[in-house]
$ cat work-v2.pdb   # PDB, C-alpha atoms
ATOM      1  CA  MET A   1       0.000   0.000   0.000
ATOM      2  CA  THR A   2       1.373   3.396  -0.961
ATOM      3  CA  GLN A   3       0.817   6.545   0.993
ATOM      4  CA  ALA A   4      -0.315   9.722  -0.746
ATOM      5  CA  SER A   5       2.351  12.411  -0.724
ATOM      6  CA  PRO A   6       1.702  15.719   1.019
ATOM      7  CA  ALA A   7       2.250  17.443  -2.327
ATOM      8  CA  GLY A   8      -0.475  15.347  -3.911
ATOM      9  CA  GLY A   9      -2.875  16.320  -1.158
ATOM     10  CA  ALA A  10      -2.037  19.969  -1.596
ATOM     11  CA  ASP A  11      -2.643  19.697  -5.354
ATOM     12  CA  ARG A  12      -6.060  18.163  -4.792
ATOM     13  CA  SER A  13      -6.917  20.854  -2.267
ATOM     14  CA  ALA A  14      -5.884  23.578  -4.699
ATOM     15  CA  LEU A  15      -7.936  21.969  -7.482
ATOM     16  CA  MET A  16     -11.000  21.786  -5.260
ATOM     17  CA  GLN A  17     -10.546  25.432  -4.295
ATOM     18  CA  LEU A  18     -10.266  26.386  -7.972
ATOM     19  CA  GLN A  19     -13.441  24.456  -8.784
ATOM     20  CA  GLU A  20     -15.306  26.090  -5.912
ATOM     21  CA  THR A  21     -14.309  29.666  -6.760
ATOM     22  CA  THR A  22     -14.955  29.221 -10.486
ATOM     23  CA  GLY A  23     -18.246  27.464  -9.824
ATOM     24  CA  ALA A  24     -19.348  30.202  -7.447
ATOM     25  CA  TYR A  25     -18.748  32.853 -10.113
ATOM     26  CA  LEU A  26     -20.546  30.880 -12.825
ATOM     27  CA  ALA A  27     -23.529  30.203 -10.572
ATOM     28  CA  THR A  28     -23.846  33.674  -9.003
ATOM     29  CA  PRO A  29     -21.812  36.296 -10.864
ATOM     30  CA  SER A  30     -20.835  39.257  -8.692
ATOM     31  CA  PRO A  31     -17.775  41.495  -8.258
ATOM     32  CA  ASP A  32     -16.607  39.374  -5.323
ATOM     33  CA  THR A  33     -16.973  35.970  -7.003
ATOM     34  CA  ARG A  34     -15.460  37.373 -10.228
ATOM     35  CA  SER A  35     -12.435  38.731  -8.408
ATOM     36  CA  ALA A  36     -11.846  35.465  -6.541
ATOM     37  CA  ALA A  37     -12.130  33.337  -9.682
ATOM     38  CA  ALA A  38      -9.895  35.677 -11.725
ATOM     39  CA  GLU A  39      -6.946  35.041  -9.392
ATOM     40  CA  ALA A  40      -6.390  31.680 -11.101
ATOM     41  CA  VAL A  41      -6.617  33.088 -14.648
ATOM     42  CA  ILE A  42      -3.598  34.473 -16.508
ATOM     43  CA  SER A  43      -3.764  37.870 -18.202
ATOM     44  CA  ASP A  44      -1.914  38.684 -21.409
ATOM     45  CA  GLN A  45      -1.881  41.344 -24.138
ATOM     46  CA  LEU A  46      -4.996  39.913 -25.761
ATOM     47  CA  ALA A  47      -7.255  39.853 -22.722
ATOM     48  CA  SER A  48      -7.162  40.398 -18.986
ATOM     49  CA  ALA A  49      -7.948  37.628 -16.524
ATOM     50  CA  GLU A  50     -11.378  39.133 -15.897
ATOM     51  CA  GLU A  51     -12.131  39.349 -19.624
ATOM     52  CA  ARG A  52     -11.115  35.730 -20.165
ATOM     53  CA  LEU A  53     -13.247  34.680 -17.254
ATOM     54  CA  ASP A  54     -16.207  36.634 -18.600
ATOM     55  CA  ILE A  55     -15.896  34.898 -21.974
ATOM     56  CA  TYR A  56     -15.948  31.516 -20.237
ATOM     57  CA  ALA A  57     -18.925  32.556 -18.121
ATOM     58  CA  MET A  58     -20.835  33.716 -21.184
ATOM     59  CA  ALA A  59     -20.146  30.419 -22.952
ATOM     60  CA  TYR A  60     -21.342  28.521 -19.895
ATOM     61  CA  ARG A  61     -24.515  30.594 -19.730
ATOM     62  CA  LEU A  62     -25.208  30.062 -23.420
ATOM     63  CA  ARG A  63     -24.717  26.327 -22.885
ATOM     64  CA  LEU A  64     -27.304  26.419 -20.102
ATOM     65  CA  PHE A  65     -29.743  28.203 -22.400
ATOM     66  CA  GLU A  66     -29.096  25.499 -24.990
ATOM     67  CA  VAL A  67     -29.859  22.792 -22.422
ATOM     68  CA  PHE A  68     -33.090  24.530 -21.402
ATOM     69  CA  GLY A  69     -34.054  24.796 -25.058
ATOM     70  CA  GLY A  70     -33.677  21.035 -25.371
ATOM     71  CA  ASP A  71     -35.380  20.143 -22.101
ATOM     72  CA  PHE A  72     -38.267  22.560 -22.704
ATOM     73  CA  GLU A  73     -38.466  22.739 -26.485
ATOM     74  CA  ALA A  74     -42.258  22.943 -26.563
ATOM     75  CA  VAL A  75     -42.333  25.724 -23.943
ATOM     76  CA  HIS A  76     -39.824  27.600 -26.107
ATOM     77  CA  THR A  77     -42.063  27.146 -29.142
ATOM     78  CA  LEU A  78     -45.192  28.246 -27.288
ATOM     79  CA  ILE A  79     -43.823  31.523 -25.914
ATOM     80  CA  GLY A  80     -41.219  32.439 -28.542
ATOM     81  CA  ASP A  81     -37.506  33.216 -28.515
ATOM     82  CA  ASP A  82     -37.538  36.522 -26.658
ATOM     83  CA  ALA A  83     -39.887  35.445 -23.875
ATOM     84  CA  PHE A  84     -38.054  32.156 -23.448
ATOM     85  CA  GLY A  85     -34.703  33.917 -23.212
ATOM     86  CA  LEU A  86     -36.029  36.244 -20.524
ATOM     87  CA  LEU A  87     -37.592  33.312 -18.695
ATOM     88  CA  CYS A  88     -34.297  31.419 -18.668
ATOM     89  CA  ARG A  89     -32.414  34.512 -17.484
ATOM     90  CA  ASP A  90     -34.833  35.102 -14.619
ATOM     91  CA  TYR A  91     -34.806  31.409 -13.731
ATOM     92  CA  LEU A  92     -31.015  31.293 -13.468
ATOM     93  CA  ALA A  93     -31.062  34.386 -11.271
ATOM     94  CA  ALA A  94     -33.499  32.667  -8.912
ATOM     95  CA  HIS A  95     -32.063  29.142  -9.201
ATOM     96  CA  PRO A  96     -28.348  29.137 -10.051
ATOM     97  CA  PRO A  97     -27.044  25.644 -10.868
ATOM     98  CA  SER A  98     -26.236  23.679  -7.734
ATOM     99  CA  HIS A  99     -25.340  20.318  -9.303
ATOM    100  CA  TYR A 100     -22.061  19.517 -11.048
ATOM    101  CA  SER A 101     -24.020  18.221 -14.075
ATOM    102  CA  ILE A 102     -25.970  20.739 -16.157
ATOM    103  CA  ARG A 103     -28.516  17.980 -16.764
ATOM    104  CA  TRP A 104     -30.131  19.013 -13.496
ATOM    105  CA  ALA A 105     -29.952  22.766 -14.026
ATOM    106  CA  GLY A 106     -33.647  22.821 -15.000
ATOM    107  CA  GLN A 107     -35.002  20.777 -12.107
ATOM    108  CA  HIS A 108     -36.820  23.782 -10.607
ATOM    109  CA  PHE A 109     -37.955  25.161 -13.956
ATOM    110  CA  PRO A 110     -41.534  23.740 -13.925
ATOM    111  CA  ALA A 111     -42.237  25.150 -10.460
ATOM    112  CA  PHE A 112     -40.672  28.483 -11.441
ATOM    113  CA  VAL A 113     -42.898  28.685 -14.520
ATOM    114  CA  ALA A 114     -45.984  27.735 -12.488
ATOM    115  CA  ALA A 115     -45.324  30.566 -10.032
ATOM    116  CA  ARG A 116     -45.293  33.113 -12.885
ATOM    117  CA  GLU A 117     -48.185  31.807 -14.947
ATOM    118  CA  PRO A 118     -51.956  31.999 -14.324
ATOM    119  CA  GLU A 119     -53.493  29.197 -12.275
ATOM    120  CA  ARG A 120     -54.593  27.422 -15.463
ATOM    121  CA  SER A 121     -51.826  27.614 -18.044
ATOM    122  CA  LEU A 122     -50.752  25.530 -21.029
ATOM    123  CA  VAL A 123     -47.183  26.730 -20.523
ATOM    124  CA  THR A 124     -47.173  25.494 -16.913
ATOM    125  CA  GLU A 125     -48.548  22.112 -17.927
ATOM    126  CA  MET A 126     -46.070  21.826 -20.783
ATOM    127  CA  ALA A 127     -43.058  22.593 -18.585
ATOM    128  CA  ALA A 128     -44.093  19.884 -16.109
ATOM    129  CA  PHE A 129     -44.808  17.398 -18.899
ATOM    130  CA  GLU A 130     -41.516  17.965 -20.713
ATOM    131  CA  TRP A 131     -39.457  17.663 -17.538
ATOM    132  CA  ALA A 132     -41.233  14.399 -16.675
ATOM    133  CA  LEU A 133     -40.460  12.986 -20.123
ATOM    134  CA  GLY A 134     -36.761  13.637 -19.654
ATOM    135  CA  LEU A 135     -36.694  12.646 -16.017
ATOM    136  CA  ALA A 136     -38.271   9.268 -16.766
ATOM    137  CA  LEU A 137     -35.055   8.189 -18.490
ATOM    138  CA  ASP A 138     -32.778   9.455 -15.721
ATOM    139  CA  VAL A 139     -34.357   8.201 -12.505
ATOM    140  CA  VAL A 140     -32.749   5.326 -10.655
ATOM    141  CA  ASP A 141     -33.575   2.024 -12.286
ATOM    142  CA  SER A 142     -35.743  -0.430 -10.412
ATOM    143  CA  ALA A 143     -36.888  -3.820 -11.641
ATOM    144  CA  PRO A 144     -40.631  -3.764 -12.399
ATOM    145  CA  LEU A 145     -42.916  -6.260 -10.739
ATOM    146  CA  SER A 146     -43.527  -9.136 -13.151
ATOM    147  CA  VAL A 147     -46.274 -11.640 -13.791
ATOM    148  CA  GLU A 148     -43.736 -14.422 -13.259
ATOM    149  CA  ALA A 149     -42.975 -13.167  -9.747
ATOM    150  CA  LEU A 150     -46.660 -13.300  -8.823
ATOM    151  CA  GLN A 151     -47.282 -16.746 -10.273
ATOM    152  CA  THR A 152     -45.402 -18.322  -7.355
ATOM    153  CA  LEU A 153     -47.071 -16.165  -4.701
ATOM    154  CA  PRO A 154     -49.202 -18.278  -2.306
ATOM    155  CA  PRO A 155     -52.903 -17.276  -2.288
ATOM    156  CA  GLU A 156     -52.816 -16.358   1.407
ATOM    157  CA  GLU A 157     -50.112 -13.746   0.732
ATOM    158  CA  TRP A 158     -52.013 -11.844  -1.955
ATOM    159  CA  PRO A 159     -53.922  -9.494   0.391
ATOM    160  CA  GLU A 160     -50.650  -8.220   1.896
ATOM    161  CA  LEU A 161     -48.824  -7.962  -1.443
ATOM    162  CA  PRO A 162     -47.373  -4.410  -1.501
ATOM    163  CA  LEU A 163     -47.667  -2.454  -4.743
ATOM    164  CA  ALA A 164     -45.484   0.613  -5.244
ATOM    165  CA  ALA A 165     -45.117   2.874  -8.265
ATOM    166  CA  HIS A 166     -42.027   2.622 -10.441
ATOM    167  CA  PRO A 167     -39.726   5.601  -9.687
ATOM    168  CA  SER A 168     -40.253   6.951 -13.211
ATOM    169  CA  LEU A 169     -44.053   7.107 -12.889
ATOM    170  CA  LYS A 170     -45.466  10.635 -12.682
ATOM    171  CA  ARG A 171     -49.147  11.601 -12.663
ATOM    172  CA  PHE A 172     -50.677  14.861 -13.864
ATOM    173  CA  SER A 173     -54.058  16.525 -14.247
ATOM    174  CA  PHE A 174     -54.188  18.634 -17.398
ATOM    175  CA  HIS A 175     -56.864  21.159 -18.370
ATOM    176  CA  PHE A 176     -55.328  21.414 -21.858
ATOM    177  CA  ASP A 177     -54.529  18.756 -24.446
ATOM    178  CA  THR A 178     -50.898  19.270 -23.473
ATOM    179  CA  PRO A 179     -49.511  15.889 -24.621
ATOM    180  CA  ALA A 180     -51.134  16.314 -28.049
ATOM    181  CA  ILE A 181     -49.687  19.828 -28.383
ATOM    182  CA  TRP A 182     -46.268  18.494 -27.379
ATOM    183  CA  LYS A 183     -46.510  15.711 -29.954
ATOM    184  CA  ALA A 184     -47.481  18.171 -32.680
ATOM    185  CA  ILE A 185     -44.515  20.416 -31.851
ATOM    186  CA  ASP A 186     -42.186  17.409 -31.711
ATOM    187  CA  ASN A 187     -43.397  16.418 -35.197
ATOM    188  CA  ASP A 188     -42.910  19.971 -36.542
ATOM    189  CA  GLU A 189     -46.597  20.229 -37.331
ATOM    190  CA  PRO A 190     -48.230  23.633 -37.949
ATOM    191  CA  PRO A 191     -49.247  25.361 -34.698
ATOM    192  CA  ARG A 192     -52.872  25.132 -33.604
ATOM    193  CA  ALA A 193     -54.977  26.407 -30.746
ATOM    194  CA  PRO A 194     -55.005  24.139 -27.680
ATOM    195  CA  VAL A 195     -58.163  22.416 -26.521
ATOM    196  CA  GLU A 196     -59.131  23.445 -22.991
ATOM    197  CA  SER A 197     -61.521  21.700 -20.608
ATOM    198  CA  ASP A 198     -62.930  22.748 -17.248
ATOM    199  CA  THR A 199     -62.610  19.118 -16.148
ATOM    200  CA  PRO A 200     -58.939  18.096 -15.980
ATOM    201  CA  THR A 201     -57.810  14.856 -17.600
ATOM    202  CA  PRO A 202     -55.415  12.626 -15.643
ATOM    203  CA  TRP A 203     -52.221  11.591 -17.435
ATOM    204  CA  ILE A 204     -49.197   9.495 -16.526
ATOM    205  CA  VAL A 205     -45.608   9.442 -17.780
ATOM    206  CA  TRP A 206     -43.288   6.506 -17.159
ATOM    207  CA  ARG A 207     -40.328   4.549 -18.467
ATOM    208  CA  GLN A 208     -41.255   1.162 -19.857
ATOM    209  CA  PRO A 209     -38.581  -1.550 -20.092
ATOM    210  CA  THR A 210     -38.145  -3.072 -23.522
ATOM    211  CA  ALA A 211     -35.873  -5.626 -25.148
ATOM    212  CA  GLY A 212     -33.664  -2.779 -26.334
ATOM    213  CA  ALA A 213     -33.320   0.656 -24.792
ATOM    214  CA  PRO A 214     -35.986   1.766 -22.284
ATOM    215  CA  GLU A 215     -38.810   3.815 -23.761
ATOM    216  CA  VAL A 216     -40.753   6.705 -22.259
ATOM    217  CA  HIS A 217     -44.516   6.369 -22.571
ATOM    218  CA  TYR A 218     -47.479   8.538 -21.646
ATOM    219  CA  ARG A 219     -51.229   8.054 -21.699
ATOM    220  CA  SER A 220     -54.438   9.339 -20.177
ATOM    221  CA  LEU A 221     -56.337   7.518 -17.431
ATOM    222  CA  GLU A 222     -59.952   6.670 -16.883
ATOM    223  CA  PRO A 223     -61.321   7.907 -13.523
ATOM    224  CA  LEU A 224     -61.251   4.500 -11.812
ATOM    225  CA  GLU A 225     -57.675   3.748 -12.812
ATOM    226  CA  ASP A 226     -56.673   7.281 -11.853
ATOM    227  CA  LEU A 227     -58.135   6.747  -8.391
ATOM    228  CA  ALA A 228     -56.288   3.456  -7.959
ATOM    229  CA  LEU A 229     -52.915   4.661  -9.244
ATOM    230  CA  GLY A 230     -53.261   7.848  -7.237
ATOM    231  CA  ALA A 231     -53.689   5.782  -4.086
ATOM    232  CA  ILE A 232     -50.586   3.742  -4.896
ATOM    233  CA  LEU A 233     -48.516   6.849  -5.637
ATOM    234  CA  ALA A 234     -49.706   8.461  -2.400
ATOM    235  CA  THR A 235     -48.161   5.647  -0.341
ATOM    236  CA  GLY A 236     -44.689   6.359  -1.725
ATOM    237  CA  ALA A 237     -41.974   3.762  -1.275
ATOM    238  CA  GLU A 238     -44.035   1.807   1.272
ATOM    239  CA  GLY A 239     -46.625   0.814  -1.297
ATOM    240  CA  LEU A 240     -50.317  -0.032  -1.112
ATOM    241  CA  SER A 241     -51.334  -3.604  -0.343
ATOM    242  CA  PHE A 242     -53.393  -5.505  -2.898
ATOM    243  CA  GLY A 243     -56.032  -5.981  -0.208
ATOM    244  CA  ARG A 244     -56.284  -2.212   0.368
ATOM    245  CA  LEU A 245     -56.554  -1.700  -3.371
ATOM    246  CA  GLY A 246     -59.491  -4.085  -3.399
ATOM    247  CA  GLU A 247     -61.158  -2.223  -0.546
ATOM    248  CA  LEU A 248     -60.738   1.061  -2.416
ATOM    249  CA  LEU A 249     -62.258  -0.375  -5.579
ATOM    250  CA  THR A 250     -65.135  -1.884  -3.604
ATOM    251  CA  THR A 251     -66.294   1.616  -2.703
ATOM    252  CA  GLN A 252     -66.513   2.398  -6.418
ATOM    253  CA  VAL A 253     -67.758  -0.768  -8.135
ATOM    254  CA  GLY A 254     -69.083  -2.934  -5.307
ATOM    255  CA  ALA A 255     -67.747  -6.035  -3.562
ATOM    256  CA  GLU A 256     -68.742  -8.402  -6.370
ATOM    257  CA  GLN A 257     -66.857  -6.620  -9.143
ATOM    258  CA  ALA A 258     -63.888  -5.263  -7.170
ATOM    259  CA  PRO A 259     -61.658  -8.403  -7.323
ATOM    260  CA  GLY A 260     -62.000  -8.681 -11.089
ATOM    261  CA  VAL A 261     -61.357  -4.989 -11.618
ATOM    262  CA  ALA A 262     -58.285  -5.149  -9.361
ATOM    263  CA  ILE A 263     -56.854  -8.109 -11.285
ATOM    264  CA  ASN A 264     -57.501  -6.452 -14.650
ATOM    265  CA  LEU A 265     -55.773  -3.271 -13.539
ATOM    266  CA  LEU A 266     -52.866  -5.232 -12.090
ATOM    267  CA  VAL A 267     -52.349  -7.186 -15.311
ATOM    268  CA  GLN A 268     -52.380  -3.940 -17.306
ATOM    269  CA  TRP A 269     -49.903  -2.257 -14.963
ATOM    270  CA  LEU A 270     -47.555  -5.235 -14.930
ATOM    271  CA  ALA A 271     -47.446  -5.341 -18.727
ATOM    272  CA  ALA A 272     -46.536  -1.648 -18.807
ATOM    273  CA  GLY A 273     -43.917  -1.890 -16.043
ATOM    274  CA  LEU A 274     -45.685   0.629 -13.821
ATOM    275  CA  LEU A 275     -45.199  -1.166 -10.503
ATOM    276  CA  ILE A 276     -42.395  -2.440  -8.304
ATOM    277  CA  ARG A 277     -42.460  -4.533  -5.145
ATOM    278  CA  PRO A 278     -41.000  -2.508  -2.261
TER     279      PRO A 278
END

$ encode --input "work-v2.pdb" --output "C-alpha cells"
Amino acid sequence: MTQASPAGGADRSALMQLQETTGAYLATPSPDTRSAAAEAVISDQLASAEERLDIYAMAYRLRLFEVFGGDFEAVHTLIGDDAFGLLCRDYLAAHPPSHYSIRWAGQHFPAFVAAREPERSLVTEMAAFEWALGLALDVVDSAPLSVEALQTLPPEEWPELPLAAHPSLKRFSFHFDTPAIWKAIDNDEPPRAPVESDTPTPWIVWRQPTAGAPEVHYRSLEPLEDLALGAILATGAEGLSFGRLGELLTTQVGAEQAPGVAINLLVQWLAAGLLIRP
C-alpha cells in the first residue's frame, strides 16, 4: 500500500478550491466571485484575466440556455424566442445551478414557470410534462414487478402484497390537451390552438422496459384507474397492499366486481412496467 504524498494532497486541495471559486462565479456572478475566480486566470496582451473569465462565463450561460431549449423545447415554441430567453435569465437568477451536471440545471424550472403563470396555463402544464419525459429516463432504475414473480405467490399472501409505483411514474391533471400539443410540436406540425376543458384529464408518464433501450410512454387515465394509481402513488416507497386496493375499488364498483377490476388493472400495470415490489 502506498501513501499519498503531502504534495499530492495539496494539489487536490488547490484543485478543489479552484473548482469552488470558479463554480461560485458561474452560478452567481458578482464582483466578489469574479475577483476570486480571476486570481487563477492568466492575463496577457490579448485579454485580462477578468475578460477571459467573462468569456468563459458567457459560454457557460449560453450552454445552459441550450440545455433549457432542449429540455423545454415545446415551452420555447409556445412563448417564442424573446420570452423564453427572458424566462431562462430570470430562472437562473433565482435558481443558479447547484449540481455539477448541467442535466439538473432545470429541475426547478416547472415550479418556477408555475409561479409566474396563471393558475390554469398551457405553458405550466407543458413545462411539467416535458421535464417528466426527460426525467423518466434518468431516474434510478428499479426492476418492475412481473407476472412471473406473482405466479409463485401463495394465495394467502395476496392481500398483503405491496404495490409501489415505479420511480419513473409521474401523474398529472391537465386542463389542456398538453400531450397532443407536445406531440405536434415534436413532429414539426403547424401550430394550432389548444383544446381546454374545465374538467382536468389525468395523465401518466413513465419509463417502460423493452428488449432494447428503455422507452418513455405517456397516456391518459380513466377515472377508476386514476383513483387506484393515485392511491398507490400516495403511499410512496411503502406501497399499497393488494387488499387495500381491493377495498378502495369496492367503494366504487361494489364487492362483487372489485376483485376482477383489481386483477384487470394489475395485469395492465404489470405489462406496462408501472409497478415495483417494495

$ closest_atom_pairs --input "work-v2.pdb" --of "region 91-180 of chain A" --to "region 272-276 of chain A" --cutoff "8 Å" --atoms "all atoms listed in the file" --output "CSV"
residue,atom,partner,partner_atom,distance
A:Ser142,CA,A:Ile276,CA,7.3
A:Ala143,CA,A:Ile276,CA,6.6
A:Pro144,CA,A:Ile276,CA,4.7
A:Leu145,CA,A:Ile276,CA,4.6
A:Ser146,CA,A:Gly273,CA,7.8
A:Leu163,CA,A:Ile276,CA,6.4
A:Ala164,CA,A:Ile276,CA,5.3
A:Ala165,CA,A:Leu275,CA,4.6
A:His166,CA,A:Leu275,CA,4.9
A:Leu169,CA,A:Leu274,CA,6.7

$ write_last_selection --input "work-v2.pdb" --atoms "C-alpha atoms" --output "JSON list (two decimals), keeping the file's coordinate frame"
[["chain", "number", "residue", "atom", "x", "y", "z"],
["A", 142, "SER", "CA", -35.74, -0.43, -10.41],
["A", 143, "ALA", "CA", -36.89, -3.82, -11.64],
["A", 144, "PRO", "CA", -40.63, -3.76, -12.40],
["A", 145, "LEU", "CA", -42.92, -6.26, -10.74],
["A", 146, "SER", "CA", -43.53, -9.14, -13.15],
["A", 163, "LEU", "CA", -47.67, -2.45, -4.74],
["A", 164, "ALA", "CA", -45.48, 0.61, -5.24],
["A", 165, "ALA", "CA", -45.12, 2.87, -8.26],
["A", 166, "HIS", "CA", -42.03, 2.62, -10.44],
["A", 169, "LEU", "CA", -44.05, 7.11, -12.89]]

$ closest_residue --input "work-v2.pdb" --among "A:Ala213, A:Leu92, A:Ile181, A:Ala114" --to "Tyr60 (chain A)" --atoms "all atoms listed in the file"
A:Leu92

$ residues_around --input "work-v2.pdb" --residues "region 65-77 of chain A" --least-positions-apart "6" --cutoff "12 Å" --atoms "all atoms listed in the file" --output "PyMOL selection string"
chain A and resi 58-59+83-92+101-110+113+121-135+178-192

$ atom_distance --input "work-v2.pdb" --atom1 "CA of His99 (chain A)" --atom2 "CA of Tyr56 (chain A)"
18.3 Å

$ resolve_selection --input "work-v2.pdb" --expression "the PyMOL selection byres ((chain A and resi 174) around 8)" --output "short mmCIF file (atom, residue, chain, number, x, y, z; two decimals) with C-alpha atoms, in the coordinates of the input"
data_model
loop_
_atom_site.label_atom_id
_atom_site.label_comp_id
_atom_site.auth_asym_id
_atom_site.auth_seq_id
_atom_site.Cartn_x
_atom_site.Cartn_y
_atom_site.Cartn_z
CA GLU A 125 -48.55 22.11 -17.93
CA PHE A 172 -50.68 14.86 -13.86
CA SER A 173 -54.06 16.52 -14.25
CA HIS A 175 -56.86 21.16 -18.37
CA PHE A 176 -55.33 21.41 -21.86
CA ASP A 177 -54.53 18.76 -24.45
CA THR A 178 -50.90 19.27 -23.47
CA PRO A 200 -58.94 18.10 -15.98
CA THR A 201 -57.81 14.86 -17.60
CA PRO A 202 -55.42 12.63 -15.64
CA TRP A 203 -52.22 11.59 -17.43
#

$ resolve_selection --input "work-v2.pdb" --expression "the PyMOL selection byres ((chain A and resi 150) around 12)" --output "list of chain:residue names"
A:Pro144, A:Leu145, A:Ser146, A:Val147, A:Glu148, A:Ala149, A:Gln151, A:Thr152, A:Leu153, A:Pro154, A:Pro155, A:Glu157, A:Trp158, A:Leu161, A:Pro162, A:Leu163, A:Phe242, A:Ile263, A:Leu266, A:Val267, A:Leu270, A:Ile276, A:Arg277

$ resolve_selection --input "work-v2.pdb" --expression "the PyMOL selection byres ((chain A and resi 243) around 8)" --output "list in words"
Trp158, Pro159, Glu160, Leu161, Ser241, Phe242, Arg244, Leu245, Gly246 and Glu247 of chain A

$ closest_residue --input "work-v2.pdb" --among "A:Arg120, A:Asp141, A:Ala57, A:Ala111" --to "Glu196 (chain A)" --atoms "all atoms listed in the file"
A:Arg120

$ atom_distance --input "work-v2.pdb" --atom1 "CA of His217 (chain A)" --atom2 "CA of Val205 (chain A)"
5.8 Å

$ decode --input "work-v2.pdb" --residues "region 196-259 of chain A" --atoms "C-alpha atoms" --output "PDB file, in the first residue's frame"
ATOM      1  CA  GLU A 196     -59.131  23.445 -22.991  1.00  0.00           C
ATOM      2  CA  SER A 197     -61.521  21.700 -20.608  1.00  0.00           C
ATOM      3  CA  ASP A 198     -62.930  22.748 -17.248  1.00  0.00           C
ATOM      4  CA  THR A 199     -62.610  19.118 -16.148  1.00  0.00           C
ATOM      5  CA  PRO A 200     -58.939  18.096 -15.980  1.00  0.00           C
ATOM      6  CA  THR A 201     -57.810  14.856 -17.600  1.00  0.00           C
ATOM      7  CA  PRO A 202     -55.415  12.626 -15.643  1.00  0.00           C
ATOM      8  CA  TRP A 203     -52.221  11.591 -17.435  1.00  0.00           C
ATOM      9  CA  ILE A 204     -49.197   9.495 -16.526  1.00  0.00           C
ATOM     10  CA  VAL A 205     -45.608   9.442 -17.780  1.00  0.00           C
ATOM     11  CA  TRP A 206     -43.288   6.506 -17.159  1.00  0.00           C
ATOM     12  CA  ARG A 207     -40.328   4.549 -18.467  1.00  0.00           C
ATOM     13  CA  GLN A 208     -41.255   1.162 -19.857  1.00  0.00           C
ATOM     14  CA  PRO A 209     -38.581  -1.550 -20.092  1.00  0.00           C
ATOM     15  CA  THR A 210     -38.145  -3.072 -23.522  1.00  0.00           C
ATOM     16  CA  ALA A 211     -35.873  -5.626 -25.148  1.00  0.00           C
ATOM     17  CA  GLY A 212     -33.664  -2.779 -26.334  1.00  0.00           C
ATOM     18  CA  ALA A 213     -33.320   0.656 -24.792  1.00  0.00           C
ATOM     19  CA  PRO A 214     -35.986   1.766 -22.284  1.00  0.00           C
ATOM     20  CA  GLU A 215     -38.810   3.815 -23.761  1.00  0.00           C
ATOM     21  CA  VAL A 216     -40.753   6.705 -22.259  1.00  0.00           C
ATOM     22  CA  HIS A 217     -44.516   6.369 -22.571  1.00  0.00           C
ATOM     23  CA  TYR A 218     -47.479   8.538 -21.646  1.00  0.00           C
ATOM     24  CA  ARG A 219     -51.229   8.054 -21.699  1.00  0.00           C
ATOM     25  CA  SER A 220     -54.438   9.339 -20.177  1.00  0.00           C
ATOM     26  CA  LEU A 221     -56.337   7.518 -17.431  1.00  0.00           C
ATOM     27  CA  GLU A 222     -59.952   6.670 -16.883  1.00  0.00           C
ATOM     28  CA  PRO A 223     -61.321   7.907 -13.523  1.00  0.00           C
ATOM     29  CA  LEU A 224     -61.251   4.500 -11.812  1.00  0.00           C
ATOM     30  CA  GLU A 225     -57.675   3.748 -12.812  1.00  0.00           C
ATOM     31  CA  ASP A 226     -56.673   7.281 -11.853  1.00  0.00           C
ATOM     32  CA  LEU A 227     -58.135   6.747  -8.391  1.00  0.00           C
ATOM     33  CA  ALA A 228     -56.288   3.456  -7.959  1.00  0.00           C
ATOM     34  CA  LEU A 229     -52.915   4.661  -9.244  1.00  0.00           C
ATOM     35  CA  GLY A 230     -53.261   7.848  -7.237  1.00  0.00           C
ATOM     36  CA  ALA A 231     -53.689   5.782  -4.086  1.00  0.00           C
ATOM     37  CA  ILE A 232     -50.586   3.742  -4.896  1.00  0.00           C
ATOM     38  CA  LEU A 233     -48.516   6.849  -5.637  1.00  0.00           C
ATOM     39  CA  ALA A 234     -49.706   8.461  -2.400  1.00  0.00           C
ATOM     40  CA  THR A 235     -48.161   5.647  -0.341  1.00  0.00           C
ATOM     41  CA  GLY A 236     -44.689   6.359  -1.725  1.00  0.00           C
ATOM     42  CA  ALA A 237     -41.974   3.762  -1.275  1.00  0.00           C
ATOM     43  CA  GLU A 238     -44.035   1.807   1.272  1.00  0.00           C
ATOM     44  CA  GLY A 239     -46.625   0.814  -1.297  1.00  0.00           C
ATOM     45  CA  LEU A 240     -50.317  -0.032  -1.112  1.00  0.00           C
ATOM     46  CA  SER A 241     -51.334  -3.604  -0.343  1.00  0.00           C
ATOM     47  CA  PHE A 242     -53.393  -5.505  -2.898  1.00  0.00           C
ATOM     48  CA  GLY A 243     -56.032  -5.981  -0.208  1.00  0.00           C
ATOM     49  CA  ARG A 244     -56.284  -2.212   0.368  1.00  0.00           C
ATOM     50  CA  LEU A 245     -56.554  -1.700  -3.371  1.00  0.00           C
ATOM     51  CA  GLY A 246     -59.491  -4.085  -3.399  1.00  0.00           C
ATOM     52  CA  GLU A 247     -61.158  -2.223  -0.546  1.00  0.00           C
ATOM     53  CA  LEU A 248     -60.738   1.061  -2.416  1.00  0.00           C
ATOM     54  CA  LEU A 249     -62.258  -0.375  -5.579  1.00  0.00           C
ATOM     55  CA  THR A 250     -65.135  -1.884  -3.604  1.00  0.00           C
ATOM     56  CA  THR A 251     -66.294   1.616  -2.703  1.00  0.00           C
ATOM     57  CA  GLN A 252     -66.513   2.398  -6.418  1.00  0.00           C
ATOM     58  CA  VAL A 253     -67.758  -0.768  -8.135  1.00  0.00           C
ATOM     59  CA  GLY A 254     -69.083  -2.934  -5.307  1.00  0.00           C
ATOM     60  CA  ALA A 255     -67.747  -6.035  -3.562  1.00  0.00           C
ATOM     61  CA  GLU A 256     -68.742  -8.402  -6.370  1.00  0.00           C
ATOM     62  CA  GLN A 257     -66.857  -6.620  -9.143  1.00  0.00           C
ATOM     63  CA  ALA A 258     -63.888  -5.263  -7.170  1.00  0.00           C
ATOM     64  CA  PRO A 259     -61.658  -8.403  -7.323  1.00  0.00           C
TER      65      PRO A 259
END
